[in-house]
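**Student:** Sharing structure_3.cif here; it has mmCIF, C-alpha atoms and all ligand atoms.
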```
data_my_file
#
loop_
_atom_site.label_atom_id
_atom_site.label_comp_id
_atom_site.auth_asym_id
_atom_site.auth_seq_id
_atom_site.Cartn_x
_atom_site.Cartn_y
_atom_site.Cartn_z
CA THR A 1 183.34 -85.95 -45.71
CA LEU A 2 179.75 -85.86 -46.87
CA THR A 3 177.93 -89.16 -46.62
CA GLN A 4 175.39 -90.68 -48.98
CA GLU A 5 172.79 -90.48 -46.32
CA HIS A 6 172.97 -86.73 -46.15
CA PRO A 7 173.55 -85.60 -49.70
CA VAL A 8 174.41 -81.95 -49.87
CA ASP A 9 173.45 -79.67 -52.69
CA ALA A 10 176.85 -78.75 -54.18
CA SER A 11 175.71 -75.20 -54.87
CA ARG A 12 175.32 -74.68 -51.13
CA VAL A 13 178.67 -76.07 -50.00
CA GLY A 14 180.91 -73.28 -48.77
CA ARG A 15 178.13 -70.88 -47.87
CA PRO A 16 180.20 -68.15 -46.23
CA ILE A 17 179.27 -66.37 -43.02
CA ASP A 18 181.42 -63.35 -42.14
CA VAL A 19 182.28 -63.04 -38.46
CA VAL A 20 184.08 -60.06 -36.91
CA SER A 21 186.15 -60.56 -33.79
CA LEU A 22 186.25 -57.05 -32.33
CA TYR A 23 189.60 -55.86 -30.92
CA PRO A 24 191.09 -59.28 -30.14
CA LYS A 25 194.43 -57.62 -29.23
CA ASP A 26 193.08 -55.40 -26.48
CA MET A 27 189.71 -56.88 -25.55
CA ASN A 28 190.16 -60.56 -24.99
CA ILE A 29 190.56 -61.91 -21.45
CA TYR A 30 189.48 -64.80 -19.23
CA GLY A 31 189.07 -67.13 -22.17
CA ASP A 32 186.84 -64.93 -24.31
CA TRP A 33 188.74 -66.20 -27.31
CA GLY A 34 186.87 -69.47 -26.78
CA ASN A 35 183.76 -67.72 -28.08
CA VAL A 36 185.41 -66.99 -31.41
CA LEU A 37 186.73 -70.55 -31.74
CA THR A 38 183.33 -71.99 -30.87
CA VAL A 39 181.48 -69.97 -33.48
CA GLU A 40 184.05 -70.85 -36.11
CA ARG A 41 183.87 -74.56 -35.30
CA ARG A 42 180.09 -74.77 -35.04
CA LEU A 43 179.62 -72.91 -38.32
CA VAL A 44 181.72 -75.58 -40.03
CA LEU A 45 179.74 -78.34 -38.34
CA TYR A 46 176.49 -76.81 -39.59
CA GLY A 47 177.82 -76.73 -43.13
CA TYR A 48 178.73 -73.06 -43.39
CA GLU A 49 182.08 -71.56 -44.23
CA PRO A 50 183.27 -69.19 -41.50
CA VAL A 51 185.10 -66.15 -42.83
CA MET A 52 186.85 -64.72 -39.79
CA HIS A 53 187.88 -61.05 -39.56
CA TYR A 54 190.11 -60.08 -36.64
CA TYR A 55 189.46 -56.37 -36.38
CA ASN A 56 191.87 -54.25 -34.35
CA GLN A 57 192.01 -50.48 -34.10
CA GLY A 58 192.96 -48.81 -37.37
CA ASP A 59 192.09 -51.83 -39.51
CA PRO A 60 189.75 -51.50 -42.49
CA TRP A 61 186.21 -52.52 -41.64
CA PRO A 62 185.10 -55.69 -43.48
CA GLU A 63 182.58 -55.27 -46.28
CA GLN A 64 180.33 -58.12 -45.24
CA VAL A 65 179.44 -58.64 -41.58
CA ASP A 66 177.01 -61.30 -40.36
CA MET A 67 178.10 -61.52 -36.71
CA VAL A 68 180.24 -59.52 -34.29
CA LEU A 69 181.97 -60.97 -31.20
CA GLY A 70 183.69 -58.84 -28.57
CA GLY A 71 185.47 -59.71 -25.34
CA GLY A 72 186.40 -58.19 -22.04
CA GLY A 73 189.42 -56.09 -21.17
CA GLN A 74 191.28 -54.21 -18.51
CA ASP A 75 190.30 -50.59 -17.98
CA SER A 76 193.52 -49.72 -19.85
CA GLY A 77 192.53 -51.88 -22.83
CA GLN A 78 189.13 -50.21 -22.87
CA LYS A 79 190.78 -46.77 -22.92
CA LYS A 80 192.91 -47.79 -25.87
CA ILE A 81 190.05 -48.78 -28.12
CA THR A 82 187.36 -46.18 -27.37
CA ASP A 83 188.46 -43.70 -30.09
CA ASP A 84 188.36 -46.39 -32.71
CA LEU A 85 185.08 -47.76 -31.37
CA PHE A 86 183.55 -44.33 -31.84
CA LYS A 87 184.65 -44.33 -35.48
CA ARG A 88 182.74 -47.59 -35.94
CA ALA A 89 179.74 -46.63 -33.79
CA ASP A 90 177.38 -45.71 -36.64
CA THR A 91 178.26 -48.86 -38.53
CA LEU A 92 177.75 -51.02 -35.44
CA ARG A 93 174.44 -49.34 -34.65
CA ALA A 94 173.21 -49.89 -38.21
CA LEU A 95 174.25 -53.55 -38.05
CA ALA A 96 172.45 -53.95 -34.72
CA GLU A 97 169.31 -52.45 -36.22
CA ALA A 98 169.62 -54.82 -39.17
CA ASP A 99 169.40 -57.69 -36.64
CA VAL A 100 173.02 -58.76 -37.03
CA PRO A 101 173.76 -60.90 -33.97
CA MET A 102 176.45 -59.67 -31.61
CA LEU A 103 177.90 -60.88 -28.36
CA MET A 104 179.71 -58.34 -26.19
CA ILE A 105 181.38 -59.57 -23.03
CA CYS A 106 182.19 -57.46 -20.00
CA GLY A 107 184.50 -54.63 -21.09
CA LEU A 108 182.86 -54.28 -24.50
CA TYR A 109 179.39 -54.77 -23.00
CA GLN A 110 180.18 -51.73 -20.84
CA LEU A 111 181.34 -49.72 -23.86
CA PHE A 112 178.23 -50.69 -25.85
CA GLY A 113 176.32 -48.88 -23.09
CA GLU A 114 176.17 -45.16 -22.34
CA TYR A 115 179.38 -44.80 -20.34
CA PHE A 116 181.83 -46.48 -17.98
CA GLU A 117 183.19 -44.37 -15.17
CA THR A 118 186.30 -46.14 -13.96
CA ILE A 119 187.39 -46.38 -10.34
CA ASP A 120 190.00 -43.66 -10.90
CA GLY A 121 187.23 -41.28 -11.94
CA SER A 122 187.82 -41.16 -15.66
CA ARG A 123 184.79 -41.51 -17.81
CA LEU A 124 184.75 -43.56 -20.99
CA ASP A 125 181.80 -42.80 -23.21
CA GLY A 126 180.12 -45.76 -24.83
CA ILE A 127 178.35 -46.08 -28.14
CA ASN A 128 174.90 -46.38 -26.63
CA ILE A 129 173.58 -49.52 -28.22
CA PHE A 130 172.41 -50.62 -24.77
CA GLY A 131 170.55 -48.25 -22.45
CA VAL A 132 172.88 -49.09 -19.57
CA TYR A 133 175.59 -47.24 -17.64
CA THR A 134 178.47 -48.50 -15.54
CA GLU A 135 180.31 -47.19 -12.52
CA GLY A 136 183.59 -48.60 -11.23
CA ARG A 137 183.70 -49.85 -7.64
CA GLU A 138 186.53 -50.64 -5.26
CA LYS A 139 185.39 -54.20 -4.70
CA ARG A 140 185.64 -56.44 -7.74
CA MET A 141 182.82 -58.80 -8.51
CA ILE A 142 184.51 -62.13 -9.12
CA GLY A 143 183.29 -65.68 -9.28
CA ASN A 144 181.10 -68.25 -10.96
CA LEU A 145 177.81 -67.06 -12.25
CA VAL A 146 174.64 -68.96 -13.09
CA GLU A 147 171.72 -67.11 -14.55
CA ARG A 148 168.33 -67.93 -15.94
CA SER A 149 167.12 -66.48 -19.18
CA ASP A 150 163.68 -66.88 -20.76
CA ARG A 151 165.17 -67.70 -24.07
CA PHE A 152 168.26 -69.75 -23.22
CA GLY A 153 167.35 -71.44 -19.94
CA ASP A 154 170.24 -71.67 -17.47
CA VAL A 155 173.40 -69.94 -18.65
CA VAL A 156 176.67 -70.64 -16.84
CA GLY A 157 179.89 -68.66 -16.76
CA TYR A 158 182.33 -66.64 -14.72
CA GLU A 159 182.47 -62.92 -13.95
CA ASN A 160 185.31 -60.60 -13.00
CA HIS A 161 184.61 -56.89 -13.12
CA SER A 162 184.84 -53.73 -11.06
CA GLY A 163 182.12 -51.94 -12.99
CA GLN A 164 178.58 -52.01 -11.64
CA THR A 165 176.08 -51.73 -14.47
CA PHE A 166 172.55 -50.37 -14.24
CA LEU A 167 169.83 -50.80 -16.84
CA ARG A 168 167.65 -47.84 -17.83
CA SER A 169 163.98 -48.60 -17.37
CA GLY A 170 162.56 -50.86 -20.06
CA VAL A 171 165.92 -52.36 -20.99
CA GLU A 172 165.78 -56.13 -21.11
CA PRO A 173 168.46 -58.02 -19.16
CA PHE A 174 170.16 -61.03 -20.72
CA GLY A 175 169.11 -63.06 -17.67
CA LEU A 176 168.50 -63.02 -13.94
CA VAL A 177 171.12 -64.25 -11.50
CA ALA A 178 169.92 -67.67 -10.35
CA HIS A 179 172.56 -68.60 -7.83
CA ASP A 180 176.19 -67.65 -7.38
CA GLY A 181 177.38 -64.41 -8.75
CA THR A 182 176.66 -60.73 -8.74
CA GLY A 183 175.50 -59.96 -12.26
CA ASN A 184 175.13 -56.37 -13.40
CA ASN A 185 175.36 -54.73 -10.00
CA GLY A 186 174.60 -57.13 -7.14
CA GLU A 187 171.46 -55.19 -6.30
CA ASP A 188 168.69 -56.01 -8.73
CA HIS A 189 169.64 -59.57 -9.82
CA THR A 190 169.79 -58.60 -13.48
CA GLU A 191 172.68 -59.77 -15.62
CA GLY A 192 173.64 -58.36 -18.99
CA ALA A 193 171.34 -56.72 -21.51
CA ARG A 194 169.74 -57.56 -24.79
CA VAL A 195 168.50 -55.39 -27.67
CA HIS A 196 167.67 -56.60 -31.19
CA ASN A 197 170.00 -59.59 -31.57
CA VAL A 198 172.75 -57.95 -29.53
CA ILE A 199 173.66 -59.61 -26.23
CA GLY A 200 175.79 -57.89 -23.63
CA THR A 201 176.91 -59.90 -20.62
CA TYR A 202 179.50 -60.22 -17.87
CA MET A 203 179.81 -63.94 -18.61
CA HIS A 204 183.33 -65.06 -19.37
CA GLY A 205 183.97 -68.66 -18.98
CA SER A 206 184.24 -69.01 -21.95
CA LEU A 207 180.55 -68.44 -22.47
CA LEU A 208 179.84 -70.06 -25.83
CA PRO A 209 181.59 -73.45 -25.40
CA LYS A 210 179.51 -74.00 -22.24
CA ASN A 211 176.23 -72.64 -23.56
CA PRO A 212 175.43 -74.09 -27.00
CA LYS A 213 171.96 -72.53 -27.07
CA VAL A 214 173.52 -69.09 -27.05
CA SER A 215 175.98 -70.13 -29.78
CA ASP A 216 173.18 -71.48 -31.92
CA PHE A 217 171.10 -68.36 -31.45
CA LEU A 218 174.00 -66.28 -32.79
CA ILE A 219 174.66 -68.69 -35.65
CA SER A 220 171.06 -68.97 -36.77
CA ALA A 221 170.59 -65.20 -36.63
CA ALA A 222 173.78 -64.76 -38.69
CA ALA A 223 172.54 -67.26 -41.29
CA GLU A 224 169.17 -65.51 -41.42
CA HIS A 225 170.91 -62.19 -41.89
CA ARG A 226 172.97 -63.55 -44.75
CA TYR A 227 170.66 -66.08 -46.43
CA GLY A 228 167.19 -65.37 -45.07
CA ARG A 229 167.13 -68.64 -43.12
CA PHE A 230 169.23 -71.02 -41.08
CA GLU A 231 169.60 -74.29 -42.93
CA PRO A 232 172.15 -76.72 -41.53
CA GLU A 233 173.65 -79.11 -44.09
CA GLN A 234 175.56 -81.71 -42.14
CA SER A 235 177.32 -84.94 -42.81
CA GLN A 236 176.96 -87.68 -40.24
CA ASP A 237 180.47 -86.95 -39.02
CA GLN A 238 179.64 -83.31 -38.54
CA ARG A 239 176.49 -84.17 -36.65
CA ALA A 240 178.46 -86.51 -34.39
CA ALA A 241 181.12 -83.87 -33.76
CA LEU A 242 178.47 -81.34 -32.83
CA GLU A 243 176.88 -83.82 -30.42
CA ALA A 244 180.28 -84.39 -28.82
CA LEU A 245 180.70 -80.64 -28.32
CA ASP A 246 177.25 -80.42 -26.78
CA GLN A 247 178.14 -83.30 -24.46
CA PHE A 248 181.24 -81.43 -23.26
CA ALA A 249 179.05 -78.41 -22.65
CA ALA A 250 176.48 -80.45 -20.73
CA ASN A 251 179.25 -81.75 -18.44
CA ALA A 252 180.64 -78.27 -17.83
CA ARG A 253 177.16 -77.01 -17.09
CA ARG A 254 176.45 -79.81 -14.65
CA VAL A 255 179.60 -78.97 -12.71
CA ALA A 256 178.82 -75.25 -12.73
CA ALA A 257 175.22 -75.66 -11.63
CA ALA A 258 176.03 -78.13 -8.82
N1 LIG A 301 187.64 -53.24 -16.81
C1 LIG A 301 186.24 -53.55 -16.66
C2 LIG A 301 185.84 -53.74 -15.21
O1 LIG A 301 186.69 -54.05 -14.38
C3 LIG A 301 185.90 -54.77 -17.47
C4 LIG A 301 186.53 -56.02 -16.93
C5 LIG A 301 186.36 -57.20 -17.82
O2 LIG A 301 186.18 -57.08 -19.02
N2 LIG A 301 186.50 -58.37 -17.26
O3 LIG A 301 184.69 -53.58 -14.88
#
```
Could you render the structure as structure tokens?
**Tutor:**
Amino acid sequence: TLTQEHPVDASRVGRPIDVVSLYPKDMNIYGDWGNVLTVERRLVLYGYEPVMHYYNQGDPWPEQVDMVLGGGGQDSGQKKITDDLFKRADTLRALAEADVPMLMICGLYQLFGEYFETIDGSRLDGINIFGVYTEGREKRMIGNLVERSDRFGDVVGYENHSGQTFLRSGVEPFGLVAHDGTGNNGEDHTEGARVHNVIGTYMHGSLLPKNPKVSDFLISAAAEHRYGRFEPEQSQDQRAALEALDQFAANARRVAAA
């Protein structure tokens, strides 16, 4: 309900933001679905209307796209979706260049790079949005992960991957491993990558419920893409609900960083 104290211009109620969840059937593990739920919920609490598109291979591509969220997957899930991902590569590249915010976790982060060579020697080509490449290793990199990023401060999450990722020179990481965790490769302390408004990261966790700054970066960039600016219109109840979510996140972060 909208309160007197925060009157909302009726013409702006129901401002839609179109969000694509990329391959939720095959690329969605270790709680990555929490990222989709978080974006949907926070958009509502900021006074936007989330229009969710669950895009699986073979589906028609949505006409309007203001944000794209992708999760991790088993090597087998990654193999399943690569053909379809290639069909959408030009579209995704154009969206990235148009500053559409995207979050790609683990398996899709790898496939947004140049290639992923799996432990059994097969090579999956990526769509090259990030100048990174990944090689499968015998030893999985598993555990909690805390990293520091210039833009988002401390980011907390959980990693579980066999692929070791290396950044080409000049590619910006998402963050640097602060304590705990392996990150991209366990050698250079980098974690993830970032280009335009596209974030790639190994952080499951789920990432967004625990890291509201990252959520709000994606949401404000999506609103800017759609409307030219991010303009929350909140009732008091919505503001209180958002504060409660942020409190949950702060608690989770305190535990993770301890
Ligand atoms: N299959 C990939 C790897 O093991 C990605 C795993 C994941 O998404 N968690 O590196």
**Student:** Counting all atoms listed in the file, what residues are within 9 Å of ligand LIG 301 (chain A), given as a PyMOL selection string?
**Tutor:** chain A and resi 27-30+71-78+105-110+116+118-119+134-137+140-141+159-165+202-204
**Student:** Using all atoms listed in the file, which protein or nucleic acid residues come within 9 Å of A:Thr82? Drop anything in the same chain fewer than 3 positions from it, and give the result as a VMD selection string.
**Tutor:** chain A and resid 77 to 79 85 to 87 111 124 to 126
**Student:** Can those selected residues be exported to a file as a CSV table (one decimal), in the coordinates of the input so that it contains C-alpha atoms?
**Tutor:**
```csv
chain,number,residue,atom,x,y,z
A,77,GLY,CA,192.5,-51.9,-22.8
A,78,GLN,CA,189.1,-50.2,-22.9
A,79,LYS,CA,190.8,-46.8,-22.9
A,85,LEU,CA,185.1,-47.8,-31.4
A,86,PHE,CA,183.6,-44.3,-31.8
A,87,LYS,CA,184.6,-44.3,-35.5
A,111,LEU,CA,181.3,-49.7,-23.9
A,124,LEU,CA,184.8,-43.6,-21.0
A,125,ASP,CA,181.8,-42.8,-23.2
A,126,GLY,CA,180.1,-45.8,-24.8
```
**Student:** In Å, with one decimal, what is the gap from atom CA of A:Val51 to atom CA of A:Arg226?
**Tutor:**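 Going from atom CA of A:Val51 over to atom CA of A:Arg226, I get 12.6 Å.
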**Student:** Can you measure atom CA of A:Met67 to atom CA of A:Val20 for me? One decimal in Å is fine.
**Tutor:**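 Rounded to one decimal, the two atoms are 6.2 Å apart.
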**Student:** Can you measure atom CA of A:Val68 to atom CA of A:Met102 for me? One decimal in Å is fine.
**Tutor:** 4.6 Å
**Student:** Please identify all polymer residues within 10 Å of A:Ala89, counting all atoms listed in the file, omitting same-chain residues fewer than 6 positions from it, and present them as a PyMOL selection string.
**Tutor:** chain A and resi 82-83+95+112+126-129
**Student:** Restricting the calculation to only C-alpha atoms: of A:Thr201, A:Asn144, A:Thr91, A:Asn56, which residue gets closest to A:Asp32?
**Tutor:**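 Selected residue with least distance to A:Asp32: A:Thr201.
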**Student:** So, with only C-alpha atoms as the atoms that count, which of A:Ser215, A:Trp33, A:Pro209, A:Glu231 lies closest to A:Phe248?
**Tutor:**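 Closest to A:Phe248, using only C-alpha atoms: A:Pro209.
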**Student:** Taking all atoms listed in the file into account, name the residue in A:Gly121, A:Pro50, A:Gly175, A:Gly113 that is nearest to A:Tyr133.
**Tutor:**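 Ranking A:Gly121, A:Pro50, A:Gly175, A:Gly113 by distance to A:Tyr133, first place goes to A:Gly113.
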